[in-house]
Amino acid sequence: MSPHVKHKKFLLLIALPVSLIFLFWIPYGLISLQHSASIISDYHDLPNADVAIIFGAGIHADGTLSEVTLERTVAGQLLLEKGIVDELVVSNTEVAAGAMKNYLLENGTPLDDISIDPFAVTTPDTCRYEKNQNEERTIIFLTQGYHLPRTMYQCGKLEVHGIGFPVESLNMIEKSELTAFETFSIRTTRIIREAALTWMSVLNLYE
């Protein structure tokens with residue numbers, strides 16, 4: 001085999017995985033750009049809203065909130081305490097939503113300020129819950145920045161619109177007892193998952 005042919009094969013071996021990686025991230029990147037203007041990273045700059053929707057992300061086996069869910073829940077409590085929103089919606093499966101509600105109650109959130117959506121297995125389930133409220137209200141979506149583009153895209157398809165707040169801006173996980181590697185692993189795994197689910201959303205395979 002000539003050196004020229006070997007060189008072409010080598011370039012092909014490099015180009016193929018690079019192209020696949022690029023293709024993998026295209027929908028996520030485009031949807032992130034599309035919704036970037038509706039995402040506010042400093043809670044001081046958030047407009048007042050009727051409700052903040054806290055998207056669930058599961059709980060631990062012992063019933064405590066996962067680090068990701070805790071980060072979202074604490075952000076909701078903060079916005080309520082600051083008077084930025086009038087109500088919190090905790091959206092998750094029945095057990096997990098109950099754990100989120102209990103956390104809020106144990107940390108001083110009034111029961112009357114909490115609504116529960118206990119049937120949300122996926123992000124679109126939460127969007128449908130809000131759609132079915134049959135009332136137009138201003139919304140702040142509470143989840144991590146890597147999740148916000150798909151959240152706003154899928155809710156938008158159901159004509160549910162709002163402002164996104166990336167809860168990691170409060171540095172809750174970084175302030176926890178997790179190591180830097182554990183924090184990095186959580187963030188990295190989640191963002192790769194988001195890129196895959198965004199592809200599925202665009203192809204209408206995850207609705």
# chains A, B, ... in the order shown; residues from 1 in each chain; ligands from 1
>>> closest_atom_pairs(of="region 32-145 of chain A", to="region 160-184 of chain A", cutoff="10 Å", atoms="only C-alpha atoms", output="JSON lines")
{"residue": "A:His35", "atom": "CA", "partner": "A:Gly164", "partner_atom": "CA", "distance": 8.8}
{"residue": "A:Ser36", "atom": "CA", "partner": "A:Gly164", "partner_atom": "CA", "distance": 9.0}
{"residue": "A:Ala37", "atom": "CA", "partner": "A:Ile163", "partner_atom": "CA", "distance": 9.0}
{"residue": "A:Ser38", "atom": "CA", "partner": "A:Ile163", "partner_atom": "CA", "distance": 5.3}
{"residue": "A:Ile39", "atom": "CA", "partner": "A:Gly164", "partner_atom": "CA", "distance": 4.5}
{"residue": "A:Ile40", "atom": "CA", "partner": "A:Phe165", "partner_atom": "CA", "distance": 5.4}
{"residue": "A:Ser41", "atom": "CA", "partner": "A:Phe165", "partner_atom": "CA", "distance": 5.8}
{"residue": "A:Asp42", "atom": "CA", "partner": "A:Ser169", "partner_atom": "CA", "distance": 7.2}
{"residue": "A:Tyr43", "atom": "CA", "partner": "A:Phe165", "partner_atom": "CA", "distance": 7.4}
{"residue": "A:Leu46", "atom": "CA", "partner": "A:Phe165", "partner_atom": "CA", "distance": 8.1}
{"residue": "A:Pro47", "atom": "CA", "partner": "A:Ile163", "partner_atom": "CA", "distance": 8.5}
{"residue": "A:Ala49", "atom": "CA", "partner": "A:Ile163", "partner_atom": "CA", "distance": 9.0}
{"residue": "A:Val51", "atom": "CA", "partner": "A:Gly162", "partner_atom": "CA", "distance": 9.8}
{"residue": "A:Ala52", "atom": "CA", "partner": "A:Gly162", "partner_atom": "CA", "distance": 9.4}
{"residue": "A:Ile53", "atom": "CA", "partner": "A:Gly162", "partner_atom": "CA", "distance": 9.8}
{"residue": "A:Glu67", "atom": "CA", "partner": "A:Ile173", "partner_atom": "CA", "distance": 6.5}
{"residue": "A:Val68", "atom": "CA", "partner": "A:Ile173", "partner_atom": "CA", "distance": 7.8}
{"residue": "A:Leu70", "atom": "CA", "partner": "A:Met172", "partner_atom": "CA", "distance": 8.2}
{"residue": "A:Glu71", "atom": "CA", "partner": "A:Met172", "partner_atom": "CA", "distance": 5.7}
{"residue": "A:Arg72", "atom": "CA", "partner": "A:Val167", "partner_atom": "CA", "distance": 5.8}
{"residue": "A:Thr73", "atom": "CA", "partner": "A:Val167", "partner_atom": "CA", "distance": 9.0}
{"residue": "A:Val74", "atom": "CA", "partner": "A:Met172", "partner_atom": "CA", "distance": 8.2}
{"residue": "A:Ala75", "atom": "CA", "partner": "A:Val167", "partner_atom": "CA", "distance": 6.0}
{"residue": "A:Gly76", "atom": "CA", "partner": "A:Val167", "partner_atom": "CA", "distance": 8.9}
{"residue": "A:Leu78", "atom": "CA", "partner": "A:Leu170", "partner_atom": "CA", "distance": 9.9}
{"residue": "A:Cys127", "atom": "CA", "partner": "A:Val160", "partner_atom": "CA", "distance": 6.7}
{"residue": "A:Arg128", "atom": "CA", "partner": "A:Val160", "partner_atom": "CA", "distance": 8.4}
{"residue": "A:Tyr129", "atom": "CA", "partner": "A:Val160", "partner_atom": "CA", "distance": 9.9}
{"residue": "A:Glu130", "atom": "CA", "partner": "A:Val160", "partner_atom": "CA", "distance": 7.2}
{"residue": "A:Lys131", "atom": "CA", "partner": "A:Val160", "partner_atom": "CA", "distance": 6.3}
{"residue": "A:Glu136", "atom": "CA", "partner": "A:Val160", "partner_atom": "CA", "distance": 9.1}
{"residue": "A:Arg137", "atom": "CA", "partner": "A:Gly162", "partner_atom": "CA", "distance": 9.1}
{"residue": "A:Thr138", "atom": "CA", "partner": "A:Gly162", "partner_atom": "CA", "distance": 6.5}
{"residue": "A:Ile139", "atom": "CA", "partner": "A:Gly162", "partner_atom": "CA", "distance": 4.7}
{"residue": "A:Ile140", "atom": "CA", "partner": "A:Ile163", "partner_atom": "CA", "distance": 4.8}
{"residue": "A:Phe141", "atom": "CA", "partner": "A:Gly164", "partner_atom": "CA", "distance": 4.7}
{"residue": "A:Leu142", "atom": "CA", "partner": "A:Phe165", "partner_atom": "CA", "distance": 5.5}
{"residue": "A:Thr143", "atom": "CA", "partner": "A:Val167", "partner_atom": "CA", "distance": 5.6}
{"residue": "A:Gln144", "atom": "CA", "partner": "A:Pro166", "partner_atom": "CA", "distance": 4.7}
{"residue": "A:Gly145", "atom": "CA", "partner": "A:Pro166", "partner_atom": "CA", "distance": 4.3}
>>> closest_residue(among="A:Trp199, A:Glu194, A:Leu205, A:Ile186", to="Ser66 (chain A)", atoms="only C-alpha atoms")
A:Ile186
>>> residues_around(residues="Ile116 (chain A)", least_positions_apart="6", cutoff="7 Å", atoms="only C-alpha atoms", output="PDB file with C-alpha atoms, in the first residue's frame")
ATOM      1  CA  VAL A  89     -44.804  23.856  41.077  1.00  0.00           C
ATOM      2  CA  VAL A  90     -42.838  20.718  41.916  1.00  0.00           C
ATOM      3  CA  SER A  91     -43.028  18.296  39.017  1.00  0.00           C
ATOM      4  CA  ALA A  97     -42.558  15.150  43.902  1.00  0.00           C
TER       5      ALA A  97
END
>>> atom_distance(atom1="CA of Glu207 (chain A)", atom2="CA of Pro124 (chain A)")
5.9 Å
>>> residues_around(residues="Trp25 (chain A)", least_positions_apart="5", cutoff="10 Å", atoms="only C-alpha atoms", output="PyMOL selection string")
chain A and resi 20+30+192+194-196+198-199
>>> write_last_selection(atoms="C-alpha atoms", output="PDB file, in the first residue's frame")
ATOM      1  CA  LEU A  20     -20.188  11.999  14.038  1.00  0.00           C
ATOM      2  CA  LEU A  30     -28.903  25.199  17.508  1.00  0.00           C
ATOM      3  CA  ILE A 192     -24.189  14.380  27.049  1.00  0.00           C
ATOM      4  CA  GLU A 194     -29.197  16.238  26.964  1.00  0.00           C
ATOM      5  CA  ALA A 195     -27.568  16.197  23.536  1.00  0.00           C
ATOM      6  CA  ALA A 196     -28.940  12.703  22.908  1.00  0.00           C
ATOM      7  CA  THR A 198     -32.452  16.742  22.057  1.00  0.00           C
ATOM      8  CA  TRP A 199     -31.862  14.644  18.942  1.00  0.00           C
TER       9      TRP A 199
END
>>> closest_residue(among="A:Thr123, A:Ser19, A:Asn92, A:Asn102", to="Pro149 (chain A)", atoms="only C-alpha atoms")
A:Thr123
>>> select_by_dssp(residues="region 4-199 of chain A", states="helix (DSSP H, G or I)", output="NGL selection string")
:A and (4-38 or 43-45 or 67-81 or 94-106 or 111-113 or 123-131 or 148-157 or 167-170 or 180-199)
>>> residues_around(residues="Asn48 (chain A)", least_positions_apart="4", cutoff="8 Å", atoms="only C-alpha atoms", output="PDB file with C-alpha atoms, in the first residue's frame")
ATOM      1  CA  GLY A  83     -40.786  37.637  46.003  1.00  0.00           C
ATOM      2  CA  ILE A  84     -39.840  36.951  42.384  1.00  0.00           C
ATOM      3  CA  VAL A  85     -42.549  34.292  42.036  1.00  0.00           C
TER       4      VAL A  85
END
>>> closest_residue(among="A:Ala57, A:Ile191, A:Met152, A:Tyr206", to="Gln34 (chain A)", atoms="only C-alpha atoms")
A:Met152
>>> residues_around(residues="Ala99 (chain A)", least_positions_apart="6", cutoff="8 Å", atoms="only C-alpha atoms", output="PyMOL selection string")
chain A and resi 59+63-65
>>> residues_around(residues="Arg193 (chain A)", least_positions_apart="6", cutoff="12 Å", atoms="only C-alpha atoms", output="list in words")
Phe24, Trp25, Tyr28, Tyr146, His147, Arg150, Ile186, Arg187, Trp199 and Met200 of chain A
>>> write_last_selection(atoms="C-alpha atoms", output="mmCIF file, in the first residue's frame")
data_model
loop_
_atom_site.group_PDB
_atom_site.id
_atom_site.type_symbol
_atom_site.label_atom_id
_atom_site.label_comp_id
_atom_site.auth_asym_id
_atom_site.auth_seq_id
_atom_site.Cartn_x
_atom_site.Cartn_y
_atom_site.Cartn_z
ATOM 1 C CA PHE A 24 -24.310 14.586 17.610
ATOM 2 C CA TRP A 25 -24.116 18.135 19.014
ATOM 3 C CA TYR A 28 -28.387 20.850 20.990
ATOM 4 C CA TYR A 146 -27.733 22.202 30.059
ATOM 5 C CA HIS A 147 -31.383 21.117 30.411
ATOM 6 C CA ARG A 150 -34.554 21.208 25.464
ATOM 7 C CA ILE A 186 -22.614 14.843 37.176
ATOM 8 C CA ARG A 187 -22.433 17.883 34.904
ATOM 9 C CA TRP A 199 -31.862 14.644 18.942
ATOM 10 C CA MET A 200 -34.758 12.397 20.003
#
>>> select_by_dssp(residues="region 18-80 of chain A", states="strand (DSSP E or B)", output="PDB file with C-alpha atoms, in the first residue's frame")
ATOM      1  CA  ILE A  39     -32.367  32.457  29.698  1.00  0.00           C
ATOM      2  CA  ALA A  49     -43.588  35.790  37.493  1.00  0.00           C
ATOM      3  CA  ASP A  50     -46.697  33.988  38.655  1.00  0.00           C
ATOM      4  CA  VAL A  51     -45.045  30.610  39.056  1.00  0.00           C
ATOM      5  CA  ALA A  52     -41.701  28.843  39.014  1.00  0.00           C
ATOM      6  CA  ILE A  53     -41.768  25.288  37.700  1.00  0.00           C
ATOM      7  CA  ILE A  54     -39.219  23.007  39.354  1.00  0.00           C
ATOM      8  CA  PHE A  55     -38.432  20.130  37.030  1.00  0.00           C
ATOM      9  CA  ILE A  59     -34.288  11.117  44.347  1.00  0.00           C
ATOM     10  CA  LEU A  65     -33.263  14.604  46.844  1.00  0.00           C
TER      11      LEU A  65
END
>>> atom_distance(atom1="CA of Met100 (chain A)", atom2="CA of Thr188 (chain A)")
24.0 Å
>>> atom_distance(atom1="CA of Asp117 (chain A)", atom2="CA of Glu94 (chain A)")
7.8 Å
>>> decode(residues="region 61-152 of chain A", atoms="C-alpha atoms", output="PDB file, in the first residue's frame")
ATOM      1  CA  ALA A  61     -32.845   5.368  47.396  1.00  0.00           C
ATOM      2  CA  ASP A  62     -33.118   6.746  50.934  1.00  0.00           C
ATOM      3  CA  GLY A  63     -35.713   9.296  49.804  1.00  0.00           C
ATOM      4  CA  THR A  64     -33.454  12.334  49.864  1.00  0.00           C
ATOM      5  CA  LEU A  65     -33.263  14.604  46.844  1.00  0.00           C
ATOM      6  CA  SER A  66     -30.574  13.917  44.278  1.00  0.00           C
ATOM      7  CA  GLU A  67     -27.976  16.640  43.933  1.00  0.00           C
ATOM      8  CA  VAL A  68     -29.544  17.800  40.651  1.00  0.00           C
ATOM      9  CA  THR A  69     -33.092  17.880  42.082  1.00  0.00           C
ATOM     10  CA  LEU A  70     -31.908  19.615  45.244  1.00  0.00           C
ATOM     11  CA  GLU A  71     -30.202  22.313  43.197  1.00  0.00           C
ATOM     12  CA  ARG A  72     -33.472  23.012  41.359  1.00  0.00           C
ATOM     13  CA  THR A  73     -35.612  22.906  44.506  1.00  0.00           C
ATOM     14  CA  VAL A  74     -33.405  25.288  46.471  1.00  0.00           C
ATOM     15  CA  ALA A  75     -33.510  27.725  43.550  1.00  0.00           C
ATOM     16  CA  GLY A  76     -37.302  27.664  43.664  1.00  0.00           C
ATOM     17  CA  GLN A  77     -37.320  28.371  47.369  1.00  0.00           C
ATOM     18  CA  LEU A  78     -34.987  31.311  46.847  1.00  0.00           C
ATOM     19  CA  LEU A  79     -37.159  32.890  44.130  1.00  0.00           C
ATOM     20  CA  LEU A  80     -40.229  32.506  46.315  1.00  0.00           C
ATOM     21  CA  GLU A  81     -38.506  34.026  49.338  1.00  0.00           C
ATOM     22  CA  LYS A  82     -37.253  36.957  47.239  1.00  0.00           C
ATOM     23  CA  GLY A  83     -40.786  37.637  46.003  1.00  0.00           C
ATOM     24  CA  ILE A  84     -39.840  36.951  42.384  1.00  0.00           C
ATOM     25  CA  VAL A  85     -42.549  34.292  42.036  1.00  0.00           C
ATOM     26  CA  ASP A  86     -45.854  33.775  43.820  1.00  0.00           C
ATOM     27  CA  GLU A  87     -46.019  29.988  43.610  1.00  0.00           C
ATOM     28  CA  LEU A  88     -43.849  26.909  43.113  1.00  0.00           C
ATOM     29  CA  VAL A  89     -44.804  23.856  41.077  1.00  0.00           C
ATOM     30  CA  VAL A  90     -42.838  20.718  41.916  1.00  0.00           C
ATOM     31  CA  SER A  91     -43.028  18.296  39.017  1.00  0.00           C
ATOM     32  CA  ASN A  92     -41.786  14.727  39.228  1.00  0.00           C
ATOM     33  CA  THR A  93     -43.057  11.210  39.823  1.00  0.00           C
ATOM     34  CA  GLU A  94     -45.411  10.857  42.779  1.00  0.00           C
ATOM     35  CA  VAL A  95     -42.796   9.783  45.323  1.00  0.00           C
ATOM     36  CA  ALA A  96     -40.142  12.209  44.097  1.00  0.00           C
ATOM     37  CA  ALA A  97     -42.558  15.150  43.902  1.00  0.00           C
ATOM     38  CA  GLY A  98     -43.611  14.349  47.460  1.00  0.00           C
ATOM     39  CA  ALA A  99     -39.980  14.412  48.567  1.00  0.00           C
ATOM     40  CA  MET A 100     -39.488  17.788  46.877  1.00  0.00           C
ATOM     41  CA  LYS A 101     -42.603  19.145  48.582  1.00  0.00           C
ATOM     42  CA  ASN A 102     -41.469  17.810  51.972  1.00  0.00           C
ATOM     43  CA  TYR A 103     -38.057  19.409  51.554  1.00  0.00           C
ATOM     44  CA  LEU A 104     -39.665  22.773  50.870  1.00  0.00           C
ATOM     45  CA  LEU A 105     -42.021  22.454  53.846  1.00  0.00           C
ATOM     46  CA  GLU A 106     -39.198  21.408  56.170  1.00  0.00           C
ATOM     47  CA  ASN A 107     -37.260  24.482  55.092  1.00  0.00           C
ATOM     48  CA  GLY A 108     -40.044  26.959  55.764  1.00  0.00           C
ATOM     49  CA  THR A 109     -41.978  27.205  52.500  1.00  0.00           C
ATOM     50  CA  PRO A 110     -45.715  27.710  53.177  1.00  0.00           C
ATOM     51  CA  LEU A 111     -47.916  24.843  51.975  1.00  0.00           C
ATOM     52  CA  ASP A 112     -50.226  27.267  50.164  1.00  0.00           C
ATOM     53  CA  ASP A 113     -47.321  28.337  47.942  1.00  0.00           C
ATOM     54  CA  ILE A 114     -46.656  24.816  46.620  1.00  0.00           C
ATOM     55  CA  SER A 115     -48.483  22.959  43.870  1.00  0.00           C
ATOM     56  CA  ILE A 116     -47.639  19.381  42.948  1.00  0.00           C
ATOM     57  CA  ASP A 117     -47.533  17.670  39.579  1.00  0.00           C
ATOM     58  CA  PRO A 118     -47.018  14.022  40.643  1.00  0.00           C
ATOM     59  CA  PHE A 119     -47.261  12.413  37.203  1.00  0.00           C
ATOM     60  CA  ALA A 120     -44.181  13.753  35.421  1.00  0.00           C
ATOM     61  CA  VAL A 121     -41.896  11.008  34.194  1.00  0.00           C
ATOM     62  CA  THR A 122     -40.415  13.130  31.402  1.00  0.00           C
ATOM     63  CA  THR A 123     -39.841  16.820  30.685  1.00  0.00           C
ATOM     64  CA  PRO A 124     -42.792  16.950  28.221  1.00  0.00           C
ATOM     65  CA  ASP A 125     -45.045  15.611  31.003  1.00  0.00           C
ATOM     66  CA  THR A 126     -44.266  18.720  33.025  1.00  0.00           C
ATOM     67  CA  CYS A 127     -44.969  20.924  30.005  1.00  0.00           C
ATOM     68  CA  ARG A 128     -48.331  19.182  29.520  1.00  0.00           C
ATOM     69  CA  TYR A 129     -49.222  19.726  33.175  1.00  0.00           C
ATOM     70  CA  GLU A 130     -48.762  23.459  32.767  1.00  0.00           C
ATOM     71  CA  LYS A 131     -50.658  23.430  29.469  1.00  0.00           C
ATOM     72  CA  ASN A 132     -53.604  21.751  31.190  1.00  0.00           C
ATOM     73  CA  GLN A 133     -53.883  24.455  33.846  1.00  0.00           C
ATOM     74  CA  ASN A 134     -56.071  26.363  31.382  1.00  0.00           C
ATOM     75  CA  GLU A 135     -54.807  29.721  32.530  1.00  0.00           C
ATOM     76  CA  GLU A 136     -52.212  32.039  31.138  1.00  0.00           C
ATOM     77  CA  ARG A 137     -49.590  32.765  33.726  1.00  0.00           C
ATOM     78  CA  THR A 138     -46.027  33.965  33.586  1.00  0.00           C
ATOM     79  CA  ILE A 139     -43.481  31.231  34.177  1.00  0.00           C
ATOM     80  CA  ILE A 140     -39.879  30.751  35.211  1.00  0.00           C
ATOM     81  CA  PHE A 141     -38.412  27.356  34.331  1.00  0.00           C
ATOM     82  CA  LEU A 142     -36.038  26.072  37.004  1.00  0.00           C
ATOM     83  CA  THR A 143     -33.480  23.532  35.905  1.00  0.00           C
ATOM     84  CA  GLN A 144     -29.801  23.340  35.007  1.00  0.00           C
ATOM     85  CA  GLY A 145     -28.492  25.328  32.061  1.00  0.00           C
ATOM     86  CA  TYR A 146     -27.733  22.202  30.059  1.00  0.00           C
ATOM     87  CA  HIS A 147     -31.383  21.117  30.411  1.00  0.00           C
ATOM     88  CA  LEU A 148     -32.994  24.478  29.700  1.00  0.00           C
ATOM     89  CA  PRO A 149     -32.699  24.504  25.872  1.00  0.00           C
ATOM     90  CA  ARG A 150     -34.554  21.208  25.464  1.00  0.00           C
ATOM     91  CA  THR A 151     -37.014  22.127  28.211  1.00  0.00           C
ATOM     92  CA  MET A 152     -37.928  25.390  26.509  1.00  0.00           C
TER      93      MET A 152
END
